[in-house]
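data00.cif (mmCIF, C-alpha atoms and all ligand atoms)
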data_protein
#
loop_
_atom_site.label_atom_id
_atom_site.label_comp_id
_atom_site.auth_asym_id
_atom_site.auth_seq_id
_atom_site.Cartn_x
_atom_site.Cartn_y
_atom_site.Cartn_z
CA MET W 236 27.82 -10.54 8.78
CA ARG W 237 27.30 -14.32 8.97
CA ILE W 238 24.42 -15.59 11.08
CA LEU W 239 23.81 -19.22 12.04
CA GLY W 240 20.03 -19.72 12.14
CA ILE W 241 18.33 -22.55 14.04
CA GLU W 242 14.69 -23.64 13.60
CA SER W 243 12.90 -26.35 15.57
CA SER W 244 9.36 -25.02 16.13
CA CYS W 245 7.42 -27.95 14.64
CA ASP W 246 8.51 -31.06 12.75
CA GLU W 247 11.59 -29.82 10.91
CA THR W 248 15.02 -29.53 12.53
CA ALA W 249 16.87 -26.94 10.48
CA ALA W 250 20.09 -24.92 10.53
CA SER W 251 21.46 -22.45 8.01
CA VAL W 252 24.27 -19.95 7.55
CA VAL W 253 23.19 -16.71 5.86
CA GLU W 254 25.42 -13.78 4.96
CA ASP W 255 24.12 -10.22 5.34
CA GLY W 256 20.51 -11.39 5.53
CA SER W 257 20.42 -12.25 1.86
CA ARG W 258 23.01 -14.81 0.75
CA ILE W 259 22.41 -18.44 1.75
CA LEU W 260 25.68 -20.29 2.41
CA SER W 261 23.95 -23.44 3.63
CA ASN W 262 20.40 -24.59 4.32
CA VAL W 263 20.01 -27.95 6.05
CA ILE W 264 16.52 -29.30 6.83
CA SER W 265 15.89 -32.61 8.56
CA SER W 266 12.20 -33.44 8.19
CA GLN W 267 10.30 -35.67 10.62
CA ILE W 268 7.37 -36.16 8.22
CA GLU W 269 7.96 -39.90 7.86
CA ILE W 270 7.97 -40.39 11.63
CA HIS W 271 4.71 -38.47 12.18
CA SER W 272 2.80 -39.51 9.05
CA ARG W 273 1.82 -42.88 10.57
CA TYR W 274 -0.11 -40.91 13.24
CA GLY W 275 -1.75 -38.56 10.72
CA GLY W 276 -0.21 -35.43 12.28
CA VAL W 277 2.64 -34.15 14.43
CA VAL W 278 2.94 -35.81 17.86
CA PRO W 279 4.56 -33.09 20.02
CA GLU W 280 6.49 -35.35 22.40
CA VAL W 281 7.86 -37.41 19.53
CA ALA W 282 8.85 -34.20 17.72
CA SER W 283 10.87 -32.77 20.60
CA ARG W 284 12.73 -36.05 21.13
CA GLN W 285 13.56 -36.20 17.44
CA HIS W 286 14.84 -32.59 17.52
CA MET W 287 17.17 -33.62 20.36
CA LEU W 288 18.65 -36.35 18.16
CA SER W 289 18.94 -34.22 15.02
CA ILE W 290 19.92 -30.75 16.16
CA VAL W 291 23.68 -31.18 16.63
CA PRO W 292 24.29 -33.13 13.39
CA VAL W 293 22.07 -30.63 11.48
CA ILE W 294 24.08 -27.66 12.80
CA GLN W 295 27.38 -29.41 12.04
CA GLN W 296 26.16 -30.09 8.51
CA ALA W 297 25.11 -26.45 8.05
CA LEU W 298 28.58 -25.23 9.09
CA SER W 299 30.30 -27.81 6.93
CA ASP W 300 28.13 -27.06 3.83
CA ALA W 301 28.91 -23.36 4.29
CA LYS W 302 32.61 -24.23 4.70
CA VAL W 303 32.80 -22.25 7.93
CA GLY W 304 33.48 -22.91 11.60
CA PHE W 305 32.06 -21.15 14.68
CA LYS W 306 34.96 -18.66 14.43
CA ASP W 307 33.45 -17.38 11.14
CA ILE W 308 29.96 -16.87 12.64
CA ASP W 309 28.95 -13.43 13.99
CA ALA W 310 25.64 -14.22 15.70
CA ILE W 311 23.28 -17.09 16.57
CA ALA W 312 19.60 -16.77 15.63
CA VAL W 313 16.84 -19.09 16.79
CA THR W 314 13.06 -19.44 16.53
CA LYS W 315 11.66 -18.58 19.98
CA GLY W 316 7.95 -19.00 19.05
CA PRO W 317 5.23 -19.64 18.10
CA GLY W 318 5.33 -23.43 17.96
CA LEU W 319 5.36 -26.58 20.05
CA ALA W 320 6.81 -25.85 23.50
CA GLY W 321 9.07 -28.91 23.75
CA SER W 322 10.32 -28.50 20.18
CA LEU W 323 11.07 -24.78 20.61
CA LEU W 324 12.99 -25.49 23.83
CA VAL W 325 15.45 -27.73 21.99
CA GLY W 326 16.36 -24.97 19.52
CA VAL W 327 16.39 -22.15 22.08
CA ASN W 328 18.64 -24.00 24.52
CA THR W 329 20.99 -25.21 21.80
CA ALA W 330 21.30 -21.64 20.50
CA LYS W 331 21.94 -20.30 24.00
CA ALA W 332 24.63 -22.92 24.62
CA ILE W 333 26.44 -22.08 21.38
CA ALA W 334 26.14 -18.32 21.93
CA LEU W 335 27.48 -18.63 25.48
CA ALA W 336 30.33 -20.98 24.57
CA GLN W 337 31.38 -18.98 21.50
CA ASN W 338 30.71 -15.57 23.04
CA LEU W 339 28.30 -14.59 20.25
CA PRO W 340 25.17 -12.42 20.28
CA LEU W 341 21.88 -14.36 20.59
CA ILE W 342 18.86 -13.23 18.55
CA GLY W 343 15.41 -14.75 19.13
CA VAL W 344 13.10 -14.70 16.11
CA ASN W 345 9.33 -15.00 15.71
CA HIS W 346 8.73 -17.96 13.38
CA MET W 347 6.03 -16.10 11.39
CA GLU W 348 8.30 -13.09 10.94
CA GLY W 349 10.93 -15.55 9.73
CA HIS W 350 8.48 -16.84 7.07
CA ILE W 351 8.03 -13.24 5.88
CA TYR W 352 11.80 -12.73 5.65
CA ALA W 353 12.15 -15.69 3.29
CA ASN W 354 11.14 -13.02 0.75
CA TRP W 355 14.44 -11.18 1.39
CA LEU W 356 16.28 -14.32 0.28
CA THR W 357 14.76 -14.14 -3.22
CA GLY W 358 17.16 -11.44 -4.42
CA GLN W 359 14.19 -9.31 -5.51
CA LYS W 360 13.93 -5.68 -4.48
CA ILE W 361 11.26 -5.18 -1.82
CA GLU W 362 9.60 -1.79 -1.56
CA PHE W 363 7.49 -0.76 1.43
CA PRO W 364 4.60 -0.56 2.04
CA VAL W 365 3.86 -4.16 1.15
CA ILE W 366 1.02 -6.56 1.90
CA CYS W 367 2.10 -9.95 3.12
CA LEU W 368 -0.14 -13.00 2.86
CA ILE W 369 1.02 -15.51 5.47
CA VAL W 370 -0.44 -18.96 4.94
CA SER W 371 0.91 -21.80 7.05
CA GLY W 372 -0.25 -24.70 9.19
CA GLY W 373 -1.35 -22.33 11.95
CA HIS W 374 -1.91 -18.94 10.26
CA SER W 375 -3.79 -17.25 7.44
CA ASP W 376 -2.95 -13.59 7.97
CA LEU W 377 -2.96 -10.45 5.86
CA ILE W 378 -0.30 -8.13 7.24
CA LEU W 379 0.64 -4.62 6.18
CA MET W 380 4.36 -3.94 6.47
CA ARG W 381 5.45 -0.29 6.31
CA GLY W 382 9.06 -1.03 7.18
CA HIS W 383 11.33 -3.67 8.70
CA GLY W 384 9.80 -5.07 11.88
CA GLN W 385 6.54 -3.10 11.47
CA TYR W 386 3.46 -5.29 11.27
CA GLU W 387 -0.18 -4.34 11.14
CA LEU W 388 -2.55 -7.31 11.24
CA LEU W 389 -5.44 -6.46 8.88
CA GLY W 390 -6.97 -9.88 8.34
CA ARG W 391 -6.76 -13.35 9.83
CA THR W 392 -8.58 -16.65 9.83
CA ARG W 393 -11.56 -16.94 12.12
CA ASP W 394 -11.24 -20.72 12.39
CA ASP W 395 -8.96 -23.09 10.47
CA ALA W 396 -5.72 -21.80 8.96
CA ALA W 397 -5.22 -22.45 5.23
CA GLY W 398 -2.63 -25.19 5.81
CA GLU W 399 -4.77 -26.75 8.52
CA ALA W 400 -7.70 -26.82 6.08
CA PHE W 401 -5.53 -28.56 3.45
CA ASP W 402 -4.40 -31.09 6.07
CA LYS W 403 -7.97 -31.80 7.23
CA ALA W 404 -9.29 -32.07 3.65
CA ALA W 405 -6.54 -34.58 2.86
CA ARG W 406 -7.50 -36.58 5.94
CA ILE W 407 -11.18 -36.59 4.88
CA LEU W 408 -10.17 -37.88 1.44
CA GLY W 409 -7.78 -40.44 2.97
CA LEU W 410 -4.78 -38.97 1.16
CA GLY W 411 -2.33 -38.85 4.11
CA TYR W 412 -0.20 -36.27 5.90
CA PRO W 413 0.86 -33.50 5.40
CA GLY W 414 -2.18 -32.66 3.34
CA GLY W 415 -1.10 -29.63 1.32
CA PRO W 416 1.29 -31.32 -1.10
CA LEU W 417 -1.00 -34.40 -1.35
CA ILE W 418 -4.11 -32.34 -2.17
CA GLN W 419 -2.06 -30.43 -4.75
CA LYS W 420 -0.86 -33.68 -6.35
CA ALA W 421 -4.37 -35.22 -6.40
CA ALA W 422 -5.80 -31.97 -7.81
CA GLU W 423 -3.44 -32.19 -10.79
CA SER W 424 -5.41 -35.21 -12.06
CA GLY W 425 -8.85 -33.89 -11.09
CA LYS W 426 -11.44 -31.38 -12.25
CA PRO W 427 -13.00 -28.78 -9.90
CA ILE W 428 -16.56 -30.04 -10.47
CA LEU W 429 -17.74 -30.26 -6.83
CA GLN W 430 -19.90 -27.39 -5.62
CA LEU W 431 -18.13 -26.25 -2.44
CA PRO W 432 -19.02 -22.94 -0.73
CA HIS W 433 -16.72 -19.90 -0.87
CA SER W 434 -16.75 -18.11 2.47
CA TRP W 435 -16.01 -14.53 1.57
CA ILE W 436 -16.91 -12.89 4.96
CA LYS W 437 -17.63 -9.77 2.92
CA GLY W 438 -16.69 -6.38 4.33
CA THR W 439 -13.73 -7.80 6.27
CA ASN W 440 -10.23 -9.01 5.40
CA ASP W 441 -10.77 -12.15 7.48
CA PHE W 442 -10.83 -15.72 6.23
CA SER W 443 -12.82 -18.79 7.25
CA PHE W 444 -12.01 -22.25 5.96
CA SER W 445 -13.83 -24.58 8.32
CA GLY W 446 -17.12 -24.40 6.37
CA ILE W 447 -15.44 -25.54 3.16
CA LYS W 448 -13.86 -28.43 5.04
CA THR W 449 -17.19 -29.43 6.62
CA ALA W 450 -18.95 -29.26 3.24
CA LEU W 451 -16.31 -31.64 1.86
CA LEU W 452 -16.75 -33.95 4.85
CA ARG W 453 -20.54 -34.05 4.38
CA MET W 454 -20.17 -34.80 0.65
CA ALA W 455 -17.82 -37.68 1.48
CA GLU W 456 -20.22 -38.97 4.18
CA TYR W 457 -23.33 -38.68 1.99
CA GLY W 458 -21.76 -40.62 -0.88
CA LYS W 459 -21.30 -37.65 -3.24
CA ILE W 460 -17.61 -38.48 -3.80
CA ALA W 461 -16.23 -41.80 -5.08
CA MET W 462 -14.23 -42.67 -1.95
CA ASP W 463 -13.32 -46.20 -3.10
CA GLU W 464 -13.58 -48.56 -6.06
CA ASN W 465 -17.04 -49.81 -4.92
CA ALA W 466 -18.60 -46.36 -5.42
CA PRO W 467 -21.29 -46.02 -8.14
CA ALA W 468 -19.98 -44.96 -11.55
CA GLY W 469 -20.17 -41.31 -12.52
CA LEU W 470 -19.44 -39.78 -9.11
CA PRO W 471 -16.71 -37.13 -8.82
CA SER W 472 -13.39 -38.80 -7.92
CA LYS W 473 -11.19 -37.98 -4.92
CA ASN W 474 -8.94 -36.12 -7.35
CA ASP W 475 -11.95 -34.03 -8.46
CA ALA W 476 -12.74 -33.33 -4.80
CA ALA W 477 -9.13 -32.27 -4.14
CA ALA W 478 -9.18 -30.00 -7.20
CA SER W 479 -12.48 -28.43 -6.10
CA PHE W 480 -11.27 -27.87 -2.54
CA GLN W 481 -7.96 -26.35 -3.66
CA LYS W 482 -9.74 -24.08 -6.14
CA VAL W 483 -12.08 -22.62 -3.51
CA VAL W 484 -9.30 -22.01 -0.94
CA VAL W 485 -7.01 -20.46 -3.57
CA ASP W 486 -9.84 -18.30 -5.02
CA VAL W 487 -10.58 -16.79 -1.60
CA LEU W 488 -6.93 -16.20 -0.69
CA VAL W 489 -6.05 -14.66 -4.06
CA THR W 490 -9.17 -12.46 -4.32
CA LYS W 491 -9.02 -11.07 -0.78
CA CYS W 492 -5.26 -10.50 -0.80
CA ILE W 493 -5.30 -8.60 -4.12
CA ALA W 494 -8.38 -6.57 -3.13
CA LEU W 495 -6.71 -5.40 0.09
CA ALA W 496 -3.43 -4.57 -1.63
CA LEU W 497 -5.23 -2.44 -4.24
CA GLU W 498 -7.40 -0.75 -1.62
CA LEU W 499 -4.33 0.27 0.40
CA GLY W 500 -2.31 1.23 -2.66
CA VAL W 501 0.76 -0.76 -1.60
CA LYS W 502 3.67 -1.32 -3.97
CA GLN W 503 3.93 -5.09 -3.78
CA ILE W 504 2.47 -8.34 -2.48
CA MET W 505 4.63 -10.89 -0.65
CA VAL W 506 3.61 -14.44 0.19
CA ALA W 507 4.97 -16.56 3.04
CA GLY W 508 4.46 -19.87 4.86
CA GLY W 509 4.10 -23.51 3.84
CA VAL W 510 0.95 -23.01 1.74
CA ALA W 511 2.91 -20.47 -0.37
CA ALA W 512 4.49 -23.61 -1.87
CA ASN W 513 1.10 -24.40 -3.45
CA LYS W 514 1.42 -24.14 -7.23
CA ALA W 515 -2.22 -23.10 -7.79
CA LEU W 516 -1.91 -20.29 -5.23
CA ARG W 517 1.34 -19.05 -6.76
CA ALA W 518 -0.09 -19.18 -10.29
CA GLY W 519 -3.35 -17.50 -9.18
CA LEU W 520 -1.59 -14.58 -7.54
CA LEU W 521 0.92 -14.09 -10.33
CA GLU W 522 -1.84 -14.23 -12.95
CA LYS W 523 -4.44 -12.03 -11.26
CA SER W 524 -2.41 -9.40 -9.42
CA PRO W 525 -1.77 -6.13 -11.24
CA LEU W 526 0.95 -5.49 -8.62
CA PRO W 527 4.32 -7.26 -8.49
CA VAL W 528 4.09 -10.46 -6.42
CA ILE W 529 7.14 -11.88 -4.63
CA ILE W 530 7.03 -15.56 -3.65
CA PRO W 531 10.01 -17.41 -2.16
CA PRO W 532 11.21 -20.60 -3.89
CA PHE W 533 9.47 -23.78 -2.65
CA ILE W 534 12.22 -24.80 -0.22
CA LEU W 535 12.06 -21.41 1.53
CA CYS W 536 8.24 -21.47 1.88
CA THR W 537 8.04 -24.46 4.22
CA ASP W 538 9.94 -24.42 7.53
CA ASN W 539 13.66 -23.69 7.24
CA ALA W 540 16.38 -21.88 9.18
CA ALA W 541 17.62 -19.59 6.39
CA MET W 542 14.51 -17.43 6.89
CA ILE W 543 15.28 -17.26 10.63
CA ALA W 544 18.86 -16.11 9.97
CA ALA W 545 17.65 -13.57 7.37
CA CYS W 546 15.12 -12.10 9.79
CA ALA W 547 17.68 -11.98 12.61
CA TYR W 548 20.01 -9.92 10.41
CA TYR W 549 17.47 -7.08 10.16
CA ARG W 550 16.55 -7.42 13.85
CA TYR W 551 20.25 -7.17 14.79
CA GLN W 552 20.69 -4.08 12.57
CA ASN W 553 17.82 -2.58 14.58
CA GLY W 554 19.66 -3.25 17.84
CA GLN W 555 18.00 -6.47 19.01
CA LYS W 556 20.18 -8.74 21.13
CA ASP W 557 18.61 -11.17 23.57
CA GLY W 558 19.79 -12.15 27.04
CA TRP W 559 20.11 -15.58 28.63
CA GLU W 560 16.61 -15.18 30.11
CA MET W 561 15.10 -15.48 26.61
CA ASP W 562 12.55 -18.28 26.70
CA ALA W 563 10.53 -20.36 24.25
CA LEU W 564 7.16 -18.64 23.67
CA PRO W 565 4.71 -21.18 22.17
CA ALA W 566 1.92 -18.59 21.68
CA LEU W 567 4.09 -15.68 20.49
CA ARG W 568 2.22 -13.26 18.19
CA LEU W 569 3.48 -11.04 15.43
CA ALA W 570 0.92 -8.27 15.61
O1 LIG F 601 5.00 -23.01 7.26
P1 LIG F 601 4.86 -24.46 7.46
O2 LIG F 601 5.92 -25.37 6.87
O3 LIG F 601 4.75 -24.81 8.98
C1 LIG F 601 4.05 -23.93 9.84
O4 LIG F 601 4.65 -22.95 10.29
O5 LIG F 601 2.85 -24.23 10.04
O6 LIG F 601 3.43 -24.85 6.87
C2 LIG F 601 2.96 -26.17 6.91
C3 LIG F 601 1.64 -26.22 6.19
C4 LIG F 601 0.97 -27.58 6.28
O7 LIG F 601 -0.37 -27.39 6.65
C5 LIG F 601 1.07 -28.11 4.85
O8 LIG F 601 0.01 -28.97 4.49
C6 LIG F 601 1.06 -26.83 4.04
O9 LIG F 601 1.81 -25.91 4.80
N1 LIG F 601 1.66 -27.01 2.71
C7 LIG F 601 0.97 -26.87 1.57
C8 LIG F 601 1.87 -27.20 0.52
N2 LIG F 601 3.08 -27.49 1.07
C9 LIG F 601 2.93 -27.37 2.43
N3 LIG F 601 -0.31 -26.53 1.34
C10 LIG F 601 -0.74 -26.50 0.07
N4 LIG F 601 0.06 -26.81 -0.98
C11 LIG F 601 1.36 -27.17 -0.81
N5 LIG F 601 2.13 -27.46 -1.86
ZN ZN F 602 6.27 -22.43 9.53
#
As structure tokens, please, write out the structure in this file.
Amino acid sequence: MRILGIESSCDETAASVVEDGSRILSNVISSQIEIHSRYGGVVPEVASRQHMLSIVPVIQQALSDAKVGFKDIDAIAVTKGPGLAGSLLVGVNTAKAIALAQNLPLIGVNHMEGHIYANWLTGQKIEFPVICLIVSGGHSDLILMRGHGQYELLGRTRDDAAGEAFDKAARILGLGYPGGPLIQKAAESGKPILQLPHSWIKGTNDFSFSGIKTALLRMAEYGKIAMDENAPAGLPSKNDAAASFQKVVVDVLVTKCIALALELGVKQIMVAGGVAANKALRAGLLEKSPLPVIIPPFILCTDNAAMIAACAYYRYQNGQKDGWEMDALPALRLA
């Protein structure tokens, strides 16, 4: 079964053809990062207009890369939420139009569930029950999955999401947007010598990252970090600050995720979402977990449509087919 997946929930317009929920025939991603970076973050109205311009060429490219036409496609999958309302609407309405015109089933997918299903594109065998650490721009969740489509939310962030924290830390250090990859790059030339607080929120599986961010902000404000070339000699550099920040966030994510997985006696750990592209997080989990850890390749961690098509395959097997009344749901939840 070949599914054409469409993703437009934030600042990536993406389309992909996936066979049987596991084999990627094409994976086209048109990023708007350059357009938004001058504003230091995603501007929703600009994003939806850009999706309008990109969506048809991106879909055409995905079909052409996969060497298929609409006649070879068996269903249309699209992200219906969560995300930016105007951006989601572009994908949802494009998917509806194609499904109607080509007489194909329409399958709406939760973006976060899509991130989880990127793990099914790795070719690795996944055994339930499994703990999934979802770390993206809007989420830091620990989810227990006992089977396809079954989600139990066991931990979440109480304030900033992990990706959001990376983005804010990068802004504090004047590194640019999006922050995650820039903090990672700066950290590679720094040493984690800054004393930043770990917020463990002991006795729960929840996370909190806003205190770490505020501590970094105060250190920058009080002249404890060399923010420019006029700073006194001997201060920790911005690269040191980035390394320290990344270390604390990764420490908390790795420790709490592994502790929960061991407590529940699950078989595996899966990681999903844009922050799963972080090399220190990947290395930390692989090094410290006594359980097998599955992490999608970098390109499938950040937003893409292959994960949407993969997820839709399992949803369709379970009987999901959406009607024309399906709408964009900006605040859609997984569990
Ligand atoms: O999953 P995603 O692409 O979009 C959402 O659904 O939110 O995640 C985007 C987030 C951003 O906050 C970005 O800074 C972060 O993922 N990110 C990273 C890395 N690559 C992307 N964070 C840390 N290290 C990275 N290498
Ligand atoms: Zn995402």
Which residues of chain W have any atom within 6 Å of an atom in ligand LIG 601 (chain F) when counting only C-alpha atoms and all ligand atoms, and what is the closest pair of atoms for each, with the distance in Å to one decimal? Order the rows by chain and rising number and write it as CSV.
residue,atom,partner,partner_atom,distance
W:Ser371,CA,F:LIG601,O6,4.0
W:Gly372,CA,F:LIG601,O5,3.2
W:Gly373,CA,F:LIG601,O5,5.0
W:Gly398,CA,F:LIG601,O7,3.3
W:Glu399,CA,F:LIG601,O7,4.8
W:Phe401,CA,F:LIG601,O8,5.7
W:Asp402,CA,F:LIG601,O8,5.1
W:Pro413,CA,F:LIG601,O8,4.7
W:Gly414,CA,F:LIG601,O8,4.4
W:Gly415,CA,F:LIG601,N3,3.2
W:Pro416,CA,F:LIG601,N5,4.0
W:Gln419,CA,F:LIG601,N4,5.6
W:Gly508,CA,F:LIG601,O1,4.0
W:Gly509,CA,F:LIG601,O6,3.4
W:Val510,CA,F:LIG601,N3,3.8
W:Ala512,CA,F:LIG601,N5,4.5
W:Asn513,CA,F:LIG601,N5,3.6
W:Thr537,CA,F:LIG601,O2,3.5
W:Asp538,CA,F:LIG601,O2,4.2
**Message:** If we count only C-alpha atoms and set the cut-off at 7 Å, which residues sit around Met542 of chain W, ignoring sequence neighbours fewer than 5 positions away in its own chain? Please answer as an MDAnalysis selection string.
**Reply:** chainID W and resid 349:350 352:353
**Item:** Non-local contacts of segment 464-477 of chain W (8 Å; all atoms listed in the file; under 2 positions in same chain excluded) as a PyMOL selection string
**Value:** chain W and resi 404-405+408+418-419+421-429+451+458-462+479-481
I need the residues from that last selection saved to file as a compact mmCIF listing (two decimals), keeping the file's coordinate frame (with C-alpha atoms), if you can.
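Heads up, here's the output in part.txt:
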# COMPACT_ATOMS: atom_id res chain seq x y z
CA ALA W 404 -9.29 -32.07 3.65
CA ALA W 405 -6.54 -34.58 2.86
CA LEU W 408 -10.17 -37.88 1.44
CA ILE W 418 -4.11 -32.34 -2.17
CA GLN W 419 -2.06 -30.43 -4.75
CA ALA W 421 -4.37 -35.22 -6.40
CA ALA W 422 -5.80 -31.97 -7.81
CA GLU W 423 -3.44 -32.19 -10.79
CA SER W 424 -5.41 -35.21 -12.06
CA GLY W 425 -8.85 -33.89 -11.09
CA LYS W 426 -11.44 -31.38 -12.25
CA PRO W 427 -13.00 -28.78 -9.90
CA ILE W 428 -16.56 -30.04 -10.47
CA LEU W 429 -17.74 -30.26 -6.83
CA LEU W 451 -16.31 -31.64 1.86
CA GLY W 458 -21.76 -40.62 -0.88
CA LYS W 459 -21.30 -37.65 -3.24
CA ILE W 460 -17.61 -38.48 -3.80
CA ALA W 461 -16.23 -41.80 -5.08
CA MET W 462 -14.23 -42.67 -1.95
CA SER W 479 -12.48 -28.43 -6.10
CA PHE W 480 -11.27 -27.87 -2.54
CA GLN W 481 -7.96 -26.35 -3.66
**Item:** Which residue of W:Met380, W:Leu452, W:Ala507, W:Val291 approaches ligand ZN 602 (chain F) most closely, using all atoms listed in the file
**Value:** W:Ala507
**Prompt:** Which residue gives the smallest distance to Ala334 of chain W among W:Asp394, W:Asp246, W:Asp255, W:Asp309, with only C-alpha atoms counted?
**Reply:**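 Closest residue, counting only C-alpha atoms: W:Asp309.
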**Message:** So that I can check the surroundings of Ala400 of chain W, please list as a ChimeraX atom specification every protein, DNA and RNA residue that reaches within 8 Å of it, counting only C-alpha atoms and ignoring chain neighbours fewer than 4 positions away.
**Reply:** /W:395-396,404,444-445,448
**Message:** Tell me which residues come within 7 Å of (5.4, -24.0, 23.3), as a list of chain:residue names, counting all atoms listed in the file in the file's coordinates.
**Reply:**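 Neighbouring residues, ordered by chain and number, come to W:Pro317, W:Gly318, W:Leu319, W:Ala320, W:Gly321, W:Leu323, W:Ala563, W:Leu564, W:Pro565, W:Ala566.
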**Asked** atom CA of Gly343 of chain W and atom CA of Val327 of chain W are how many Å apart?
**Response** 8.0 Å
**Within 8 Å of His433 of chain W using all atoms listed in the file, minus same-chain residues under 2 positions, as a list in words** = Leu431, Trp435, Ile447, Val483, Val484 and Val487 of chain W
**Request:** Report the distance between atom CA of Glu362 of chain W and atom CA of Ile241 of chain W in Å, rounded to one decimal place.
**Result:**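 Taking atom CA of Glu362 of chain W as the start and atom CA of Ile241 of chain W as the end point, the length is 27.4 Å.
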**Request:** Compare W:Ile369, W:Leu356, W:Leu567, W:Ile311 by their minimum atom-to-atom distance to ligand ZN 602 (chain F), counting only C-alpha atoms and all ligand atoms, and give me the closest one.
**Result:**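 Among the listed residues, the smallest separation from ligand ZN 602 (chain F) belongs to W:Ile369.
All residues of protein, DNA or RNA that reach within 6 Å of segment 264-269 of chain W, judged by all atoms listed in the file and not counting those fewer than 5 positions away in the chain, are Asp246, Glu247, Thr248 and Ala249 of chain W.
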Final N, CA and C atoms of segment 292-307 of chain W as a short mmCIF file (atom, residue, chain, number, x, y, z; two decimals), in the coordinates of the input:
data_model
loop_
_atom_site.label_atom_id
_atom_site.label_comp_id
_atom_site.auth_asym_id
_atom_site.auth_seq_id
_atom_site.Cartn_x
_atom_site.Cartn_y
_atom_site.Cartn_z
N PRO W 292 23.83 -32.80 14.75
CA PRO W 292 24.29 -33.13 13.39
C PRO W 292 23.81 -32.12 12.32
N VAL W 293 22.59 -31.58 12.48
CA VAL W 293 22.07 -30.63 11.48
C VAL W 293 22.91 -29.34 11.50
N ILE W 294 23.26 -28.88 12.69
CA ILE W 294 24.08 -27.66 12.80
C ILE W 294 25.48 -27.92 12.22
N GLN W 295 26.04 -29.08 12.57
CA GLN W 295 27.38 -29.41 12.04
C GLN W 295 27.36 -29.46 10.52
N GLN W 296 26.28 -30.01 9.97
CA GLN W 296 26.16 -30.09 8.51
C GLN W 296 26.05 -28.69 7.89
N ALA W 297 25.29 -27.81 8.57
CA ALA W 297 25.11 -26.45 8.05
C ALA W 297 26.45 -25.71 8.02
N LEU W 298 27.26 -25.89 9.06
CA LEU W 298 28.58 -25.23 9.09
C LEU W 298 29.47 -25.83 8.00
N SER W 299 29.43 -27.15 7.90
CA SER W 299 30.30 -27.81 6.93
C SER W 299 29.89 -27.47 5.50
N ASP W 300 28.59 -27.44 5.19
CA ASP W 300 28.13 -27.06 3.83
C ASP W 300 28.55 -25.63 3.50
N ALA W 301 28.55 -24.76 4.52
CA ALA W 301 28.91 -23.36 4.29
C ALA W 301 30.43 -23.16 4.30
N LYS W 302 31.14 -24.25 4.60
CA LYS W 302 32.61 -24.23 4.70
C LYS W 302 33.09 -23.19 5.71
N VAL W 303 32.41 -23.17 6.86
CA VAL W 303 32.80 -22.25 7.93
C VAL W 303 32.84 -23.01 9.26
N GLY W 304 33.50 -22.39 10.24
CA GLY W 304 33.48 -22.91 11.60
C GLY W 304 32.83 -21.86 12.48
N PHE W 305 32.69 -22.14 13.78
CA PHE W 305 32.06 -21.15 14.68
C PHE W 305 32.83 -19.83 14.68
N LYS W 306 34.15 -19.89 14.42
CA LYS W 306 34.96 -18.66 14.43
C LYS W 306 34.54 -17.70 13.30
N ASP W 307 33.87 -18.23 12.27
CA ASP W 307 33.45 -17.38 11.14
C ASP W 307 32.02 -16.87 11.32
#
